[in-house]
Each structure stands twice: as C-alpha cells, then as structure tokens.
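Notes follow the structure.
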There are 2 protein chains.
Amino acid sequence: MNQMSKRFPLRLNIRNGHVDMTHGSGGRAMTQLIDELFVRHFDNEFLRQGNDQALFTVCGKRLVMSTDGHVVSPLFFPGGDIGSLSVHGTINDVAMSGAMPLYLTAGFILEEGFALAELDKIVVSMARASKDAGVPVITGDTKVVEKGKCDGVFITTTGIGEVPDGLDISGVNARPGDAILVSGFLGDHGVAIMSSRENLKFETQIVSDSAALHGLVADMVKAVPQISCLRDPTRGGLATTLNEISQQSKVGIKLYEDDIPVRGEVAAACELLGLDVLYVANEGKLIAICPNEYADQLLGVMRKHQLGGNAAKIGEVVEDEMGFVTMETGFGGNRIVDWLAGEQLPRIC
Amino acid sequence: MNQMSKRFPLRLNIRNGHVDMTHGSGGRAMTQLIDELFVRHFDNEFLRQGNDQALFTVCGKRLVMSTDGHVVSPLFFPGGDIGSLSVHGTINDVAMSGAMPLYLTAGFILEEGFALAELDKIVVSMARASKDAGVPVITGDTKVVEKGKCDGVFITTTGIGEVPDGLDISGVNARPGDAILVSGFLGDHGVAIMSSRENLKFETQIVSDSAALHGLVADMVKAVPQISCLRDPTRGGLATTLNEISQQSKVGIKLYEDDIPVRGEVAAACELLGLDVLYVANEGKLIAICPNEYADQLLGVMRKHQLGGNAAKIGEVVEDEMGFVTMETGFGGNRIVDWLAGEQLPRIC
C-alpha cells in the first residue's frame, strides 16, 4: 500500500462515476483522477516524476515541457485576461524546474459567434505577454465548435525550456530542516477573479498577480543552485501545493501563519467570500524550498527582484512519513492544513 | 501587395465580425484568421515558416514542435476515437518536417457530468496509440468546465521531434518539375465521421484511416532525403493542402484526376453526402513532393510500408507565380481546384 492509497482511501468510481467540478480544482479529486486514470494508463517514467513539467534529455541538454489548458471565467479580469494568463501560466510551469523557457505553442478552441474584436484583444494581450517575457509563440492551432459547445475561447499553451547544468529541482527533493519561502502576497489572483465574478467593489481594487516568473527564477538559481524545490501555488493554492510536495518527498511541512504574507484587503475579501486564502490560486507567486543555511541569501535575492519584493520565509520541512502539512496559528495553536477536498473556485485559470 | 492579398481580397472584419464555423474548417477563412490575427500579433520568424510545425535549434540539433486541438464529434467513430486521433494527429504534424517524434503532451478540457467510463476508454485508446507509436505522453493538464460549456471532452496535444541531419522539408520548397505523391486512398476519415454522424450504413463499413505516419516518413526520408515537402491533408483535404503549398512555394500544381486513389465506397458515399473528396479530411495519409527523378524510388519505398501500399503519383509542380492548383479531369477537361471556401465538414478532428 503506497502513500497515496493511505491518504485517499476511496478509489475513483470509473464504472459509474462522472466528471465533476472537483476534478478540475487542483485538489484531492483531481490528483486522484490523474493518478488512477491518466498516470495508470499512460504509465511512463516521465509522468511518474509527478512535477508540473516533464524532464528529458536531447544531446546531453536537459529540456522540460509543460502544458496547461486555460478556461478562466470571466475572460477579462482585473490585472489580466485569458491571453496573458495562458502565457504566464505555462512559462511558470516550465520555470519551476529551474529552466529558462524557450518557446510556447498555443491551441485555441473558439465558440461560433465569439466576437473577433474580443479575440483580437486576447491575442494582442497574449502577444504582449509573450514579447515581454521573451518567449515567442512559435506554432499554434485553431478549432471552432458550434455555439453552446464551449465558452467563448479556451487556450491550451505548451512550453519548452532548458534546465541549466547543476540544478536538481523537483518535488521529491524536500528534506527535513529545509526552509520554505514564498515570493510575495498570496491570494491576489483568486480573489480578483471571484470579486469580478461577484461584481464586488473594494476600496482598493484587488488585481490578479498574473506574471511570468522565469526572470525571478533565473536570479534565484544563479545565486542558490542548491534550491531543492520550486512550485507555483496556482489551483488549490499554497495548501494544496505544499501537500503535493510533502507527499512526493515523504516529509511533513510546518507553516507559521503569522509569517504568511497576505494583503489586508485580500484577507478581508476572503472573509467576505468565505474563502481560506491558503487554498486560493496565485498566478505570479512561487514557493521555494532550500536548505535552511541558504534561506537568508535566497530571500535577499528574491526581495531584490520586482516580483519578489514581499518574499518571506513561511515555514520549514519536518520529518513525517505520512506527509502532513500543519500550521502554527496566530493564536499559538496548531491545525492540519489538508488538501483542498472540494471545489473552492471553479475555472480560476 | 503580396500573394495572399491578391487571392483573399476581403480583409477580416475584426471590429464587427464574429467567429464562424468556417474559421475552423482548414480552408480560406481559417488561413485568413491565422494570418490577419495570430501571425500579425505574434509576429515572429517561427510562425512565418507557415508549416504545421515550428523548427528551432537546441545545441545544434534541429527540433520541431507542433500543437493540435481535437474537438471531433462524435468522440467515438469507426476506426478510432478522439484519444487515438489526438495522438496520431500531432505525431503526423511533427513527422511532416521529416522529424522523428520524441514526446507528446496532452491537455484535457472536460465537461462536468461526462462519464468516467467514457473518459477511461478514451485514455486507454490514447495510451495504446502512444505506445504503438513509441511516443510517450510525458506531461498533461486537466481542466473541468460546467455542464454545457464544452462538449464532453476536448484534447489538445503537443509534440516535439528531432529532424535528422541533411533534410530540408518545408512547404516553401516545391519546385516546377517536382512530382506529387500521395500515400494512399483519400477521404476515408471524413467520410467515416460523416457516415457515423448521419448514421449511414454502407455494404462495407468505411473506417477512418487515422494512423501515425512517422514510421513511413522515416523510411521515405532515409531512402530519398531529397524530398522537398511533406504534409498531411487533414482539414480541408488534398485541395486545401496543395493550395497552401502552392502559395508558400509560389508555384502552380497540376493534378490528374484519374490517378488520385479513392475507394469506390468512399466515392459513392461522397456522392450521396454531397462532398467533394478532394476537400475531405484524411488522418493517416501524406502528400510528398520530390524532384521527379526520385519519384519512382520514393513510390517503391512507400508501397513497401503497410501505410503506403496504395501510394500513387497524382500530379506535378508547374510554374505559376499566382499559385493555382488545377486538375485534368477524367474527361480530359481542366478545372481549378480552389481553396475550401466555406465549411464542408465541421469538427472533423
């Protein structure tokens, strides 16, 4: 019996079950669908790496590929749109291996009747994000389905990148004693999307943090090549991402609530919306895990970058074969920070 | 004024226009959407290659990437399903550069309520196609949208492959005098899909030709590295594919109707369904263009392969800067074989 079956006692009901929104949430149900259906059938060493990107070698160079479908709703939101998001999301998944992203591809699925003016805005935004990041979209595909058979536009982007020599960054590498750092305020993207869906107005507008993190990552791995793990806490948020890592590395993780950076207005919006910020998606933040002796140096490098100005150490890796994530709360208590079980925020990316 | 604006006098109405089914048909409207919207904004040398895959270099090795969204309806059809099709389609796009496909990625967009048993069948079929082809699916992504916001399942696959040294295969390379070969019977895929949609029964069931062509391509480029152009005539069929090539290479193309291999039952079904087989999609056929002195040798190699048993020489490249494709008909007349103008077969792949 492996770790997974201990934590997920109920198997997927393939014979009579149906896809539900939780299968796309980034949480427990999605992990189960991926493990019991996709990984089981495709069954290869690359998928078993269990990272957000797959690593392979061409003529001695380590390359990574990553793919991401984007179905965000609404298509335009404060701080971005499906176009820029589809560039940032895939660049970040590539970069979380320590790689420099080289190229992107884009597959569009369009709904009959969708306004060309809207599509134009999305492509302009996508092109700008790609140029700003220096990662060109080199090939693509367009399909059209009948009205009512998709929701405006879905964009699937795939990225390829090259991993610098000397790095070994993976979800399996967290070790007890390692420090856990985050590059800035949590929850901005998810709260921006939810506020725009619910048409909520705050005194200060909450804007998605959608951004390409490969420049920040390049600075980080150059200064501290000993980084053991990088991941961007998107769907399922910080909590789910850390549970994935703790499971992959067979370690526990201890967080300190007071050290987790959250904007006041995001905390307030979460309270209003009934959200736990630990589970809210981010699109321009990363979690870095490194041996504790490098933590201060790494924090210094992160804080110098414009996308890491509010970086903080938020916890540490501890021994725990069961792979629990716990948090010392502001009141001095302790709580288990479990996987996202249901569906907190559908179609967040 | 370039070639394109001569042939497509009306520009896309970006301000007030809408996406319609023709924008996904593989024909003229799709080419226009790609040129006037995607290529214009993304604007880079890779997209301007205008092939079904983009070529780039990593440490001196030429790699290609290609991406393809699959929205075929119905999901299961005679001879395949969306799973196997999504593997074959992208392998073929990679292989049409002469490359050996190395890896695939897969992005799934699932509709809430879709039966897990159906999804399982699709993934099993996809995994089998991938294993048979020796091209593993190394990473993926799953998104779920609400019921009514997609149509069961859409799959976007991306492939990467390595181009052997010494090849220069591209849509810009066709030269007057070159021979045009096709690897077998045309129209099987499109007619299989249409028959299954219309619930038509024929004496002999018409089965999709969906297949991975990289093995055939490997034999071909090994024997005749002088091949100038390879392309799989999918959406828009033979006619549209040859129009693309004639435009890219600034040459004319002359076809001989009597030499184009079409099964009797497919010809009959096309008549019944009101389809012109030249515009019907294929998913396991390729067009090869090579200097005429190599045509017989190449045909011999193709016919030895199980996916090229009915290969035939169907025409030749001629001088014509306007890039017209013409056909000498069975009755000795001549007709222009234009781009697919409207939408013949929606959601064929």
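So you can find residues: chains in the structure tokens are A, B, ... in the order shown, residues in each start at 1, and ligands are numbered from 1 in order.
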Extract, using only C-alpha atoms, all DNA, RNA and protein residues at most 6 Å from Tyr256 of chain A, discarding same-chain residues fewer than 4 positions from it, and format them as a PDB file with all heavy atoms, in the first residue's frame.
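Okay, around17.pdb is ready:
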ATOM      1  N   ILE A 314       8.142  31.182   5.359  1.00  0.00           N
ATOM      2  CA  ILE A 314       6.837  30.913   5.976  1.00  0.00           C
ATOM      3  C   ILE A 314       6.785  29.578   6.700  1.00  0.00           C
ATOM      4  O   ILE A 314       5.774  29.248   7.310  1.00  0.00           O
ATOM      5  CB  ILE A 314       5.703  30.942   4.923  1.00  0.00           C
ATOM      6  CG1 ILE A 314       5.945  29.886   3.820  1.00  0.00           C
ATOM      7  CG2 ILE A 314       5.561  32.344   4.335  1.00  0.00           C
ATOM      8  CD1 ILE A 314       4.745  29.700   2.895  1.00  0.00           C
ATOM      9  N   GLY A 315       7.859  28.804   6.649  1.00  0.00           N
ATOM     10  CA  GLY A 315       7.788  27.524   7.341  1.00  0.00           C
ATOM     11  C   GLY A 315       9.009  26.683   7.095  1.00  0.00           C
ATOM     12  O   GLY A 315      10.011  27.147   6.535  1.00  0.00           O
ATOM     13  N   MET A 327       0.029  23.879  10.551  1.00  0.00           N
ATOM     14  CA  MET A 327       0.291  25.319  10.667  1.00  0.00           C
ATOM     15  C   MET A 327       0.133  25.764  12.105  1.00  0.00           C
ATOM     16  O   MET A 327      -0.871  25.437  12.760  1.00  0.00           O
ATOM     17  CB  MET A 327      -0.667  26.105   9.765  1.00  0.00           C
ATOM     18  CG  MET A 327      -0.403  27.610   9.792  1.00  0.00           C
ATOM     19  SD  MET A 327      -1.234  28.466   8.432  1.00  0.00           S
ATOM     20  CE  MET A 327      -2.922  28.431   9.022  1.00  0.00           C
ATOM     21  N   GLU A 328       1.135  26.472  12.603  1.00  0.00           N
ATOM     22  CA  GLU A 328       1.026  27.108  13.915  1.00  0.00           C
ATOM     23  C   GLU A 328       0.265  28.406  13.699  1.00  0.00           C
ATOM     24  O   GLU A 328       0.699  29.262  12.928  1.00  0.00           O
ATOM     25  CB  GLU A 328       2.436  27.381  14.467  1.00  0.00           C
ATOM     26  CG  GLU A 328       2.433  27.696  15.953  1.00  0.00           C
ATOM     27  CD  GLU A 328       3.850  27.839  16.492  1.00  0.00           C
ATOM     28  OE1 GLU A 328       4.624  26.859  16.436  1.00  0.00           O
ATOM     29  OE2 GLU A 328       4.187  28.956  16.922  1.00  0.00           O
TER      30      GLU A 328
END
Spatial neighbours of segment 259-270 of chain A, max dist 10 Å, only C-alpha atoms, sep filter under 4 positions, as an MDAnalysis selection string: chainID A and resid 181:192 194:195 200:207 255 274:278 280 310:315 329:330
Near segment 221-225 of chain B, within 9 Å and counting only C-alpha atoms, which residues show up once chain neighbours fewer than 4 positions away are dropped, as a PDB file with C-alpha atoms, in the first residue's frame?
ATOM      1  CA  GLY B  98      10.862  14.707 -41.600  1.00  0.00           C
ATOM      2  CA  PRO B 164      17.630  14.109 -38.923  1.00  0.00           C
ATOM      3  CA  GLY B 166      20.581  16.592 -44.119  1.00  0.00           C
ATOM      4  CA  LEU B 167      16.837  17.113 -44.572  1.00  0.00           C
ATOM      5  CA  ASP B 168      15.210  20.350 -45.719  1.00  0.00           C
ATOM      6  CA  ILE B 169      11.497  19.650 -45.866  1.00  0.00           C
ATOM      7  CA  LEU B 216       6.504   5.639 -43.109  1.00  0.00           C
ATOM      8  CA  VAL B 217       8.204   9.048 -43.101  1.00  0.00           C
ATOM      9  CA  CYS B 290      10.126  15.447 -54.562  1.00  0.00           C
ATOM     10  CA  TYR B 294      13.295  10.299 -57.318  1.00  0.00           C
ATOM     11  CA  GLN B 297      12.144   5.203 -55.983  1.00  0.00           C
ATOM     12  CA  LEU B 298      10.085   7.013 -53.364  1.00  0.00           C
ATOM     13  CA  VAL B 301       9.573   2.707 -50.613  1.00  0.00           C
TER      14      VAL B 301
END
Nearest candidate to chain B (options A:Val72, A:Ala117, A:Leu12, A:Val64; using only C-alpha atoms):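 Result for the nearest residue to chain B: A:Ala117.
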Å distance separating atom CA of His41 of chain A from atom CA of Pro136 of chain B, one decimal place: 11.1 Å
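The nearest approach to chain B among the residues A:Leu238, A:Leu345, A:Gly332, A:Phe77, with only C-alpha atoms taken into account, belongs to A:Leu345.
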Interatomic distance (Å, one decimal) between atom CA of Glu162 of chain A and atom CA of Leu85 of chain A: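 The value is 21.5 Å.
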Exercise: Val137 of chain A partners within 12 Å, only C-alpha atoms, chain neighbours under 6 positions left out, as an MDAnalysis selection string: (chainID A and resid 83 86:87 90:91 101:107 123 126:131 156:160) or (chainID B and resid 38:48 53:54 65:67)
Mind writing the picked residues with N, CA, C and O atoms as a compact mmCIF listing (two decimals), in the first residue's frame?
# COMPACT_ATOMS: atom_id res chain seq x y z
N GLY A 83 -5.58 35.57 -22.28
CA GLY A 83 -4.40 35.58 -23.15
C GLY A 83 -3.10 35.69 -22.36
O GLY A 83 -2.22 34.84 -22.47
N SER A 86 -2.53 32.67 -20.12
CA SER A 86 -2.10 31.43 -20.77
C SER A 86 -0.60 31.46 -21.10
O SER A 86 0.03 30.41 -21.20
N VAL A 87 -0.05 32.65 -21.23
CA VAL A 87 1.40 32.77 -21.42
C VAL A 87 2.12 32.63 -20.07
O VAL A 87 3.05 31.83 -19.92
N THR A 90 2.04 28.92 -18.36
CA THR A 90 2.91 27.87 -18.89
C THR A 90 4.38 28.24 -18.74
O THR A 90 5.22 27.37 -18.45
N ILE A 91 4.71 29.51 -18.89
CA ILE A 91 6.10 29.93 -18.60
C ILE A 91 6.46 29.54 -17.17
O ILE A 91 7.54 29.01 -16.90
N PRO A 101 12.57 29.21 -19.97
CA PRO A 101 11.62 28.90 -21.03
C PRO A 101 12.14 29.41 -22.38
O PRO A 101 12.68 30.52 -22.46
N LEU A 102 11.99 28.59 -23.42
CA LEU A 102 12.47 28.96 -24.75
C LEU A 102 11.32 29.34 -25.69
O LEU A 102 11.36 30.38 -26.33
N TYR A 103 10.32 28.48 -25.78
CA TYR A 103 9.26 28.66 -26.77
C TYR A 103 7.92 28.21 -26.20
O TYR A 103 7.86 27.35 -25.32
N LEU A 104 6.86 28.77 -26.79
CA LEU A 104 5.49 28.37 -26.45
C LEU A 104 4.75 27.95 -27.72
O LEU A 104 5.03 28.45 -28.81
N THR A 105 3.77 27.07 -27.55
CA THR A 105 2.80 26.81 -28.61
C THR A 105 1.42 27.12 -28.04
O THR A 105 1.23 27.11 -26.82
N ALA A 106 0.45 27.39 -28.91
CA ALA A 106 -0.89 27.76 -28.44
C ALA A 106 -1.97 27.09 -29.27
O ALA A 106 -1.96 27.19 -30.50
N GLY A 107 -2.88 26.40 -28.62
CA GLY A 107 -4.04 25.81 -29.29
C GLY A 107 -5.30 26.53 -28.83
O GLY A 107 -5.60 26.59 -27.64
N VAL A 123 -5.57 38.08 -28.21
CA VAL A 123 -4.32 37.73 -28.89
C VAL A 123 -3.29 38.84 -28.72
O VAL A 123 -2.10 38.57 -28.53
N MET A 126 -1.91 38.40 -25.32
CA MET A 126 -1.06 37.21 -25.30
C MET A 126 0.29 37.52 -25.95
O MET A 126 1.34 37.12 -25.45
N ALA A 127 0.24 38.23 -27.07
CA ALA A 127 1.47 38.56 -27.78
C ALA A 127 2.34 39.49 -26.95
O ALA A 127 3.55 39.35 -26.90
N ARG A 128 1.69 40.44 -26.25
CA ARG A 128 2.46 41.36 -25.42
C ARG A 128 3.13 40.59 -24.27
O ARG A 128 4.31 40.78 -23.98
N ALA A 129 2.37 39.70 -23.64
CA ALA A 129 2.93 38.91 -22.53
C ALA A 129 4.11 38.08 -23.02
O ALA A 129 5.14 37.95 -22.35
N SER A 130 3.94 37.52 -24.21
CA SER A 130 4.99 36.67 -24.77
C SER A 130 6.23 37.50 -25.11
O SER A 130 7.37 37.09 -24.82
N LYS A 131 6.03 38.67 -25.69
CA LYS A 131 7.19 39.53 -26.02
C LYS A 131 7.87 40.06 -24.76
O LYS A 131 9.09 40.07 -24.67
N THR A 156 -4.98 26.39 -24.86
CA THR A 156 -4.02 25.46 -24.27
C THR A 156 -2.62 25.84 -24.75
O THR A 156 -2.37 25.85 -25.96
N THR A 157 -1.76 26.18 -23.82
CA THR A 157 -0.39 26.54 -24.17
C THR A 157 0.57 25.45 -23.68
O THR A 157 0.35 24.83 -22.65
N THR A 158 1.60 25.23 -24.47
CA THR A 158 2.65 24.28 -24.10
C THR A 158 3.97 25.02 -24.19
O THR A 158 4.18 25.82 -25.11
N GLY A 159 4.85 24.76 -23.24
CA GLY A 159 6.13 25.44 -23.24
C GLY A 159 7.28 24.45 -23.17
O GLY A 159 7.13 23.34 -22.67
N ILE A 160 8.42 24.89 -23.72
CA ILE A 160 9.63 24.09 -23.61
C ILE A 160 10.72 24.99 -23.05
O ILE A 160 10.75 26.19 -23.35
N PHE B 38 -3.52 36.01 -35.76
CA PHE B 38 -2.47 35.36 -34.95
C PHE B 38 -1.06 35.72 -35.43
O PHE B 38 -0.25 36.20 -34.66
N VAL B 39 -0.78 35.49 -36.71
CA VAL B 39 0.58 35.74 -37.20
C VAL B 39 0.91 37.23 -37.08
O VAL B 39 2.02 37.61 -36.72
N ARG B 40 -0.08 38.08 -37.35
CA ARG B 40 0.16 39.51 -37.27
C ARG B 40 0.60 39.95 -35.87
O ARG B 40 1.56 40.68 -35.70
N HIS B 41 -0.13 39.47 -34.85
CA HIS B 41 0.21 39.92 -33.50
C HIS B 41 1.43 39.20 -32.93
O HIS B 41 2.27 39.80 -32.29
N PHE B 42 1.51 37.90 -33.13
CA PHE B 42 2.64 37.17 -32.54
C PHE B 42 3.93 37.47 -33.30
O PHE B 42 5.01 37.46 -32.73
N ASP B 43 3.79 37.68 -34.60
CA ASP B 43 4.85 38.22 -35.45
C ASP B 43 6.26 37.72 -35.11
O ASP B 43 7.05 38.42 -34.49
N ASN B 44 6.58 36.52 -35.50
CA ASN B 44 7.96 36.04 -35.33
C ASN B 44 8.32 35.11 -36.49
O ASN B 44 7.46 34.62 -37.22
N GLU B 45 9.60 34.88 -36.62
CA GLU B 45 10.13 34.10 -37.75
C GLU B 45 9.59 32.66 -37.76
O GLU B 45 9.46 32.05 -38.81
N PHE B 46 9.28 32.13 -36.57
CA PHE B 46 8.83 30.73 -36.49
C PHE B 46 7.45 30.58 -37.12
O PHE B 46 7.21 29.69 -37.92
N LEU B 47 6.54 31.49 -36.72
CA LEU B 47 5.19 31.42 -37.28
C LEU B 47 5.21 31.69 -38.78
O LEU B 47 4.43 31.11 -39.53
N ARG B 48 6.11 32.57 -39.19
CA ARG B 48 6.19 32.89 -40.62
C ARG B 48 6.72 31.72 -41.44
O ARG B 48 6.60 31.73 -42.67
N GLN B 53 4.36 22.77 -38.29
CA GLN B 53 5.21 22.63 -37.10
C GLN B 53 6.26 23.72 -37.15
O GLN B 53 6.51 24.28 -38.22
N ALA B 54 6.83 24.08 -36.00
CA ALA B 54 7.85 25.13 -35.97
C ALA B 54 9.19 24.49 -35.70
O ALA B 54 9.30 23.57 -34.88
N MET B 65 8.29 21.53 -33.02
CA MET B 65 7.12 21.38 -32.15
C MET B 65 5.87 21.64 -32.97
O MET B 65 5.88 22.46 -33.89
N SER B 66 4.80 20.95 -32.59
CA SER B 66 3.52 21.16 -33.24
C SER B 66 2.43 20.95 -32.21
O SER B 66 2.58 20.16 -31.28
N THR B 67 1.32 21.68 -32.35
CA THR B 67 0.22 21.52 -31.40
C THR B 67 -1.10 21.43 -32.16
O THR B 67 -1.23 22.01 -33.24
Å distance separating atom CA of Arg28 of chain A from atom CA of Asn243 of chain A, one decimal place: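 Calculated distance between atom CA of Arg28 of chain A and atom CA of Asn243 of chain A is 9.7 Å.
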